[in-house]
file entry_0.cif (mmCIF, C-alpha atoms; chains and numbers go by the auth columns)
data_run
loop_
_atom_site.group_PDB
_atom_site.id
_atom_site.type_symbol
_atom_site.label_atom_id
_atom_site.label_comp_id
_atom_site.label_asym_id
_atom_site.label_seq_id
_atom_site.Cartn_x
_atom_site.Cartn_y
_atom_site.Cartn_z
_atom_site.B_iso_or_equiv
_atom_site.auth_seq_id
_atom_site.auth_asym_id
ATOM 1 C CA MET A 1 -23.847 -30.606 -0.462 0.00 5 A
ATOM 2 C CA SER A 2 -22.727 -31.601 -3.914 0.00 6 A
ATOM 3 C CA SER A 3 -19.348 -33.139 -4.682 0.00 7 A
ATOM 4 C CA PHE A 4 -18.535 -29.891 -6.527 0.00 8 A
ATOM 5 C CA ASP A 5 -18.927 -27.901 -3.281 0.00 9 A
ATOM 6 C CA THR A 6 -16.946 -30.454 -1.325 0.00 10 A
ATOM 7 C CA HIS A 7 -14.129 -30.376 -3.860 0.00 11 A
ATOM 8 C CA LEU A 8 -13.883 -26.601 -3.750 0.00 12 A
ATOM 9 C CA SER A 9 -14.176 -26.326 0.008 0.00 13 A
ATOM 10 C CA PRO A 10 -13.855 -29.434 2.175 0.00 14 A
ATOM 11 C CA ASP A 11 -14.798 -27.590 5.377 0.00 15 A
ATOM 12 C CA PHE A 12 -17.509 -25.426 3.809 0.00 16 A
ATOM 13 C CA SER A 13 -20.189 -27.310 5.748 0.00 17 A
ATOM 14 C CA ARG A 14 -18.841 -25.723 8.930 0.00 18 A
ATOM 15 C CA SER A 15 -19.728 -22.193 7.800 0.00 19 A
ATOM 16 C CA PRO A 16 -21.909 -22.169 4.687 0.00 20 A
ATOM 17 C CA ASP A 17 -24.050 -19.286 5.869 0.00 21 A
ATOM 18 C CA LEU A 18 -21.383 -16.821 7.005 0.00 22 A
ATOM 19 C CA TRP A 19 -20.704 -14.910 3.785 0.00 23 A
ATOM 20 C CA LEU A 20 -24.017 -13.020 3.682 0.00 24 A
ATOM 21 C CA PRO A 21 -24.119 -11.923 7.350 0.00 25 A
ATOM 22 C CA THR A 22 -20.438 -10.947 7.118 0.00 26 A
ATOM 23 C CA LEU A 23 -21.086 -8.919 3.966 0.00 27 A
ATOM 24 C CA ARG A 24 -24.089 -7.255 5.621 0.00 28 A
ATOM 25 C CA ARG A 25 -22.118 -6.365 8.749 0.00 29 A
ATOM 26 C CA TYR A 26 -19.247 -4.988 6.689 0.00 30 A
ATOM 27 C CA LEU A 27 -21.533 -2.814 4.556 0.00 31 A
ATOM 28 C CA LEU A 28 -23.467 -1.641 7.618 0.00 32 A
ATOM 29 C CA PHE A 29 -20.231 -0.633 9.318 0.00 33 A
ATOM 30 C CA VAL A 30 -18.719 1.131 6.296 0.00 34 A
ATOM 31 C CA SER A 31 -22.016 2.923 5.614 0.00 35 A
ATOM 32 C CA GLY A 32 -22.205 4.365 9.116 0.00 36 A
ATOM 33 C CA GLY A 33 -18.477 4.978 9.358 0.00 37 A
ATOM 34 C CA ASN A 34 -18.316 6.822 6.053 0.00 38 A
ATOM 35 C CA LEU A 35 -21.379 8.917 6.882 0.00 39 A
ATOM 36 C CA VAL A 36 -19.764 10.073 10.124 0.00 40 A
ATOM 37 C CA TRP A 37 -16.366 10.608 8.436 0.00 41 A
ATOM 38 C CA GLU A 38 -17.915 12.643 5.610 0.00 42 A
ATOM 39 C CA MET A 39 -19.627 14.908 8.136 0.00 43 A
ATOM 40 C CA LEU A 40 -16.529 15.331 10.282 0.00 44 A
ATOM 41 C CA HIS A 41 -14.132 16.208 7.476 0.00 45 A
ATOM 42 C CA LEU A 42 -16.358 18.816 5.795 0.00 46 A
ATOM 43 C CA PRO A 43 -14.226 21.657 7.275 0.00 47 A
ATOM 44 C CA LEU A 44 -11.292 20.314 5.257 0.00 48 A
ATOM 45 C CA TYR A 45 -13.033 21.339 2.021 0.00 49 A
ATOM 46 C CA THR A 46 -13.844 24.837 0.723 0.00 50 A
ATOM 47 C CA LEU A 47 -17.515 23.830 0.643 0.00 51 A
ATOM 48 C CA TRP A 48 -17.502 24.336 4.417 0.00 52 A
ATOM 49 C CA GLN A 49 -16.897 28.079 3.974 0.00 53 A
ATOM 50 C CA GLU A 50 -18.507 28.678 0.577 0.00 54 A
ATOM 51 C CA GLY A 51 -21.488 26.308 0.463 0.00 55 A
ATOM 52 C CA THR A 52 -24.971 26.458 1.911 0.00 56 A
ATOM 53 C CA ALA A 53 -26.330 23.996 4.454 0.00 57 A
ATOM 54 C CA GLY A 54 -28.157 22.286 1.581 0.00 58 A
ATOM 55 C CA ASP A 55 -24.923 22.009 -0.411 0.00 59 A
ATOM 56 C CA MET A 56 -23.207 20.369 2.556 0.00 60 A
ATOM 57 C CA ILE A 57 -26.060 17.931 3.212 0.00 61 A
ATOM 58 C CA PHE A 58 -26.093 16.966 -0.458 0.00 62 A
ATOM 59 C CA ALA A 59 -22.301 16.523 -0.462 0.00 63 A
ATOM 60 C CA VAL A 60 -22.379 14.291 2.632 0.00 64 A
ATOM 61 C CA VAL A 61 -25.195 12.098 1.262 0.00 65 A
ATOM 62 C CA HIS A 62 -23.689 11.970 -2.236 0.00 66 A
ATOM 63 C CA CYS A 63 -20.171 11.171 -1.004 0.00 67 A
ATOM 64 C CA THR A 64 -21.405 8.584 1.500 0.00 68 A
ATOM 65 C CA GLY A 65 -23.344 6.853 -1.280 0.00 69 A
ATOM 66 C CA GLY A 66 -20.203 6.862 -3.412 0.00 70 A
ATOM 67 C CA ASP A 67 -18.175 5.472 -0.510 0.00 71 A
ATOM 68 C CA ILE A 68 -20.640 2.605 -0.090 0.00 72 A
ATOM 69 C CA LEU A 69 -20.437 1.803 -3.804 0.00 73 A
ATOM 70 C CA ILE A 70 -16.629 1.916 -3.719 0.00 74 A
ATOM 71 C CA ALA A 71 -16.544 -0.392 -0.678 0.00 75 A
ATOM 72 C CA LEU A 72 -18.971 -2.864 -2.223 0.00 76 A
ATOM 73 C CA SER A 73 -17.296 -2.819 -5.650 0.00 77 A
ATOM 74 C CA SER A 74 -13.836 -3.223 -4.116 0.00 78 A
ATOM 75 C CA LEU A 75 -14.939 -6.190 -2.028 0.00 79 A
ATOM 76 C CA VAL A 76 -16.747 -7.903 -4.908 0.00 80 A
ATOM 77 C CA LEU A 77 -13.745 -7.432 -7.194 0.00 81 A
ATOM 78 C CA ALA A 78 -11.406 -8.822 -4.523 0.00 82 A
ATOM 79 C CA LEU A 79 -13.721 -11.805 -3.981 0.00 83 A
ATOM 80 C CA LEU A 80 -13.848 -12.482 -7.720 0.00 84 A
ATOM 81 C CA LEU A 81 -10.066 -12.330 -8.050 0.00 85 A
ATOM 82 C CA ILE A 82 -8.830 -14.150 -4.950 0.00 86 A
ATOM 83 C CA GLY A 83 -11.854 -15.110 -2.869 0.00 87 A
ATOM 84 C CA ASP A 84 -12.630 -18.612 -1.746 0.00 88 A
ATOM 85 C CA GLY A 85 -15.932 -20.469 -1.860 0.00 89 A
ATOM 86 C CA ALA A 86 -15.793 -20.669 1.915 0.00 90 A
ATOM 87 C CA TRP A 87 -15.290 -16.918 2.402 0.00 91 A
ATOM 88 C CA PRO A 88 -15.199 -15.533 5.060 0.00 92 A
ATOM 89 C CA ALA A 89 -13.964 -18.694 6.759 0.00 93 A
ATOM 90 C CA ARG A 90 -10.994 -18.789 4.387 0.00 94 A
ATOM 91 C CA ARG A 91 -8.935 -16.111 2.599 0.00 95 A
ATOM 92 C CA TYR A 92 -10.594 -13.400 4.678 0.00 96 A
ATOM 93 C CA LYS A 93 -7.473 -11.357 5.367 0.00 97 A
ATOM 94 C CA ALA A 94 -6.160 -11.535 1.806 0.00 98 A
ATOM 95 C CA THR A 95 -9.548 -10.575 0.393 0.00 99 A
ATOM 96 C CA ALA A 96 -9.894 -7.706 2.873 0.00 100 A
ATOM 97 C CA ALA A 97 -6.395 -6.431 2.071 0.00 101 A
ATOM 98 C CA LEU A 98 -7.048 -6.500 -1.670 0.00 102 A
ATOM 99 C CA ALA A 99 -10.436 -4.793 -1.262 0.00 103 A
ATOM 100 C CA MET A 100 -8.804 -2.057 0.831 0.00 104 A
ATOM 101 C CA THR A 101 -6.084 -1.650 -1.807 0.00 105 A
ATOM 102 C CA PHE A 102 -8.711 -1.222 -4.525 0.00 106 A
ATOM 103 C CA GLY A 103 -10.633 1.311 -2.423 0.00 107 A
ATOM 104 C CA LEU A 104 -7.503 3.280 -1.610 0.00 108 A
ATOM 105 C CA GLY A 105 -6.327 3.216 -5.225 0.00 109 A
ATOM 106 C CA TYR A 106 -9.675 4.455 -6.478 0.00 110 A
ATOM 107 C CA THR A 107 -9.714 7.199 -3.850 0.00 111 A
ATOM 108 C CA ILE A 108 -6.270 8.470 -4.890 0.00 112 A
ATOM 109 C CA PHE A 109 -7.423 8.554 -8.514 0.00 113 A
ATOM 110 C CA SER A 110 -10.752 10.203 -7.644 0.00 114 A
ATOM 111 C CA GLU A 111 -9.164 12.874 -5.438 0.00 115 A
ATOM 112 C CA TRP A 112 -6.705 13.755 -8.209 0.00 116 A
ATOM 113 C CA LEU A 113 -9.409 13.742 -10.888 0.00 117 A
ATOM 114 C CA ASN A 114 -11.848 15.881 -8.906 0.00 118 A
ATOM 115 C CA THR A 115 -9.375 18.380 -7.447 0.00 119 A
ATOM 116 C CA ALA A 116 -6.781 18.741 -10.218 0.00 120 A
ATOM 117 C CA VAL A 117 -8.594 17.904 -13.463 0.00 121 A
ATOM 118 C CA ARG A 118 -12.315 18.607 -13.012 0.00 122 A
ATOM 119 C CA ALA A 119 -12.012 21.054 -10.085 0.00 123 A
ATOM 120 C CA SER A 120 -15.284 19.598 -8.736 0.00 124 A
ATOM 121 C CA TRP A 121 -14.134 20.314 -5.208 0.00 125 A
ATOM 122 C CA ALA A 122 -11.213 21.916 -3.466 0.00 126 A
ATOM 123 C CA TYR A 123 -9.415 21.416 -0.193 0.00 127 A
ATOM 124 C CA SER A 124 -9.396 24.150 2.408 0.00 128 A
ATOM 125 C CA GLU A 125 -6.129 25.269 3.961 0.00 129 A
ATOM 126 C CA LEU A 126 -6.905 22.853 6.832 0.00 130 A
ATOM 127 C CA MET A 127 -6.536 19.717 4.685 0.00 131 A
ATOM 128 C CA PRO A 128 -3.112 18.096 4.946 0.00 132 A
ATOM 129 C CA VAL A 129 -2.065 17.152 1.403 0.00 133 A
ATOM 130 C CA ILE A 130 0.312 14.293 0.620 0.00 134 A
ATOM 131 C CA PRO A 131 3.147 15.608 -1.587 0.00 135 A
ATOM 132 C CA GLY A 132 3.667 13.886 -4.901 0.00 136 A
ATOM 133 C CA ILE A 133 0.102 12.669 -5.286 0.00 137 A
ATOM 134 C CA ASN A 134 -1.553 15.898 -4.087 0.00 138 A
ATOM 135 C CA ALA A 135 -4.342 13.946 -2.402 0.00 139 A
ATOM 136 C CA GLY A 136 -5.814 14.930 0.925 0.00 140 A
ATOM 137 C CA LEU A 137 -4.747 12.923 3.957 0.00 141 A
ATOM 138 C CA SER A 138 -8.275 12.686 5.350 0.00 142 A
ATOM 139 C CA PRO A 139 -9.844 10.820 2.400 0.00 143 A
ATOM 140 C CA LEU A 140 -6.872 8.457 2.224 0.00 144 A
ATOM 141 C CA ALA A 141 -7.016 7.793 5.971 0.00 145 A
ATOM 142 C CA GLN A 142 -10.756 7.219 5.554 0.00 146 A
ATOM 143 C CA TRP A 143 -10.040 4.360 3.113 0.00 147 A
ATOM 144 C CA ILE A 144 -7.641 2.729 5.526 0.00 148 A
ATOM 145 C CA VAL A 145 -9.373 3.226 8.885 0.00 149 A
ATOM 146 C CA ILE A 146 -13.012 2.541 7.998 0.00 150 A
ATOM 147 C CA PRO A 147 -12.570 -0.608 5.859 0.00 151 A
ATOM 148 C CA LEU A 148 -9.981 -2.001 8.280 0.00 152 A
ATOM 149 C CA ALA A 149 -12.323 -1.499 11.233 0.00 153 A
ATOM 150 C CA GLY A 150 -15.266 -2.766 9.166 0.00 154 A
ATOM 151 C CA PHE A 151 -13.518 -5.978 8.180 0.00 155 A
ATOM 152 C CA TRP A 152 -12.378 -6.507 11.770 0.00 156 A
ATOM 153 C CA TRP A 153 -15.899 -5.989 13.132 0.00 157 A
ATOM 154 C CA ALA A 154 -17.569 -8.150 10.471 0.00 158 A
ATOM 155 C CA ARG A 155 -15.093 -10.981 11.076 0.00 159 A
ATOM 156 C CA ARG A 156 -15.277 -10.716 14.854 0.00 160 A
ATOM 157 C CA SER A 157 -19.063 -10.949 14.717 0.00 161 A
ATOM 158 C CA SER A 158 -18.971 -13.911 12.300 0.00 162 A
ATOM 159 C CA ARG A 159 -16.797 -15.896 14.714 0.00 163 A
ATOM 160 C CA ILE A 160 -19.500 -15.659 17.352 0.00 164 A
ATOM 161 C CA VAL A 161 -22.135 -16.990 14.931 0.00 165 A
ATOM 162 C CA ARG A 162 -19.966 -19.856 13.574 0.00 166 A
ATOM 163 C CA LYS A 163 -21.428 -23.300 14.101 0.00 167 A
ATOM 164 C CA PRO A 164 -19.457 -25.410 16.591 0.00 168 A
ATOM 165 C CA SER A 165 -17.384 -28.304 15.305 0.00 169 A
ATOM 166 C CA ALA A 166 -17.134 -31.721 16.889 0.00 170 A
ATOM 167 C CA THR A 167 -14.188 -30.555 19.013 0.00 171 A
ATOM 168 C CA THR A 168 -15.871 -27.483 20.496 0.00 172 A
ATOM 169 C CA SER A 169 -18.597 -27.011 23.028 0.00 173 A
ATOM 170 C CA PRO A 170 -22.023 -26.017 21.676 0.00 174 A
ATOM 171 C CA PHE A 171 -22.150 -23.383 24.436 0.00 175 A
ATOM 172 C CA ILE A 172 -18.848 -21.614 23.720 0.00 176 A
ATOM 173 C CA PRO A 173 -18.295 -19.727 20.437 0.00 177 A
ATOM 174 C CA ASP A 174 -15.639 -21.213 18.155 0.00 178 A
ATOM 175 C CA ARG A 175 -12.992 -18.454 17.864 0.00 179 A
ATOM 176 C CA ARG A 176 -10.372 -20.342 15.835 0.00 180 A
ATOM 177 C CA GLN A 177 -8.691 -18.661 12.886 0.00 181 A
ATOM 178 C CA ASN A 178 -9.492 -20.360 9.588 0.00 182 A
ATOM 179 C CA ASP A 179 -7.537 -17.970 7.372 0.00 183 A
ATOM 180 C CA VAL A 180 -5.115 -19.235 4.797 0.00 184 A
#
call {"tool": "encode", "arguments": {"input": "entry_0.cif", "output": "structure tokens"}}
result
Amino acid sequence: MSSFDTHLSPDFSRSPDLWLPTLRRYLLFVSGGNLVWEMLHLPLYTLWQEGTAGDMIFAVVHCTGGDILIALSSLVLALLLIGDGAWPARRYKATAALAMTFGLGYTIFSEWLNTAVRASWAYSELMPVIPGINAGLSPLAQWIVIPLAGFWWARRSSRIVRKPSATTSPFIPDRRQNDV
């Protein structure tokens, strides 16, 4: 490890390989979670009554792909702005919170743009709409529940993989919090 790495992150040697598996687990979780969510909330859109089976399959695949891109872009932007060289061992919660904020903010904008301005899609009478912003509750809940659960799962799994320190047993996973 270079002195540059040591200066940026004194304890980076404890978890240098966690960022990629954590990122993979997060994206795997949000991909599956968003696919299921997109399928389950189809009845909340007029497409459910007016579209063909092909239209609905396309919408689910298209929207899930967009959700994955939003999740990845939000996380990368959060990491660039406030991340730490030792992420996810440090600044995990702050980075996750900022990424979720970006995802939620984009979703509010996108729902408004596509329902009010472009009329690309419309809510059915089943969709609860939040007054003032006229965005559907389901897509907003989606951008709270899925990323929150994804970050929790990715972090929980990374704790099990973490290399033991001198004060822990090599046979028991180190479950200490390293967040700042």
call {"tool": "atom_distance", "arguments": {"input": "entry_0.cif", "atom1": "CA of Arg94 in chain A", "atom2": "CA of Gly107 in chain A"}}
result
21.2 Å
call {"tool": "closest_residue", "arguments": {"input": "entry_0.cif", "among": "A:Ala75, A:Trp91, A:Val121, A:Ile86", "to": "Leu32 in chain A", "atoms": "all atoms listed in the file"}}
result
A:Ala75
call {"tool": "atom_distance", "arguments": {"input": "entry_0.cif", "atom1": "CA of Ala98 in chain A", "atom2": "CA of Ala139 in chain A"}}
result
25.9 Å
call {"tool": "resolve_selection", "arguments": {"input": "entry_0.cif", "expression": "the PyMOL selection byres ((chain A and resi 108-115) around 9)", "output": "PyMOL selection string"}}
result
chain A and resi 74+103-107+116-120+125+137-140+143-148
call {"tool": "residues_around", "arguments": {"input": "entry_0.cif", "residues": "Met60 in chain A", "least_positions_apart": "4", "cutoff": "12 Å", "atoms": "all atoms listed in the file", "output": "count of residues only"}}
result
20
call {"tool": "atom_distance", "arguments": {"input": "entry_0.cif", "atom1": "CA of Leu81 in chain A", "atom2": "CA of Ala63 in chain A"}}
result
26.3 Å
call {"tool": "residues_around", "arguments": {"input": "entry_0.cif", "residues": "range 26-31 of chain A", "least_positions_apart": "4", "cutoff": "8 Å", "atoms": "only C-alpha atoms", "output": "compact mmCIF listing (two decimals) with C-alpha atoms, keeping the file's coordinate frame"}}
result
# COMPACT_ATOMS: atom_id res chain seq x y z
CA LEU A 22 -21.38 -16.82 7.00
CA SER A 35 -22.02 2.92 5.61
CA ILE A 72 -20.64 2.60 -0.09
CA ALA A 75 -16.54 -0.39 -0.68
CA LEU A 76 -18.97 -2.86 -2.22
CA PRO A 92 -15.20 -15.53 5.06
CA GLY A 154 -15.27 -2.77 9.17
CA PHE A 155 -13.52 -5.98 8.18
CA TRP A 157 -15.90 -5.99 13.13
CA ALA A 158 -17.57 -8.15 10.47
CA ARG A 159 -15.09 -10.98 11.08
CA SER A 161 -19.06 -10.95 14.72
CA SER A 162 -18.97 -13.91 12.30
call {"tool": "closest_residue", "arguments": {"input": "entry_0.cif", "among": "A:Leu24, A:Gly70, A:Tyr127, A:Ala153", "to": "Ala100 in chain A", "atoms": "only C-alpha atoms"}}
result
A:Ala153
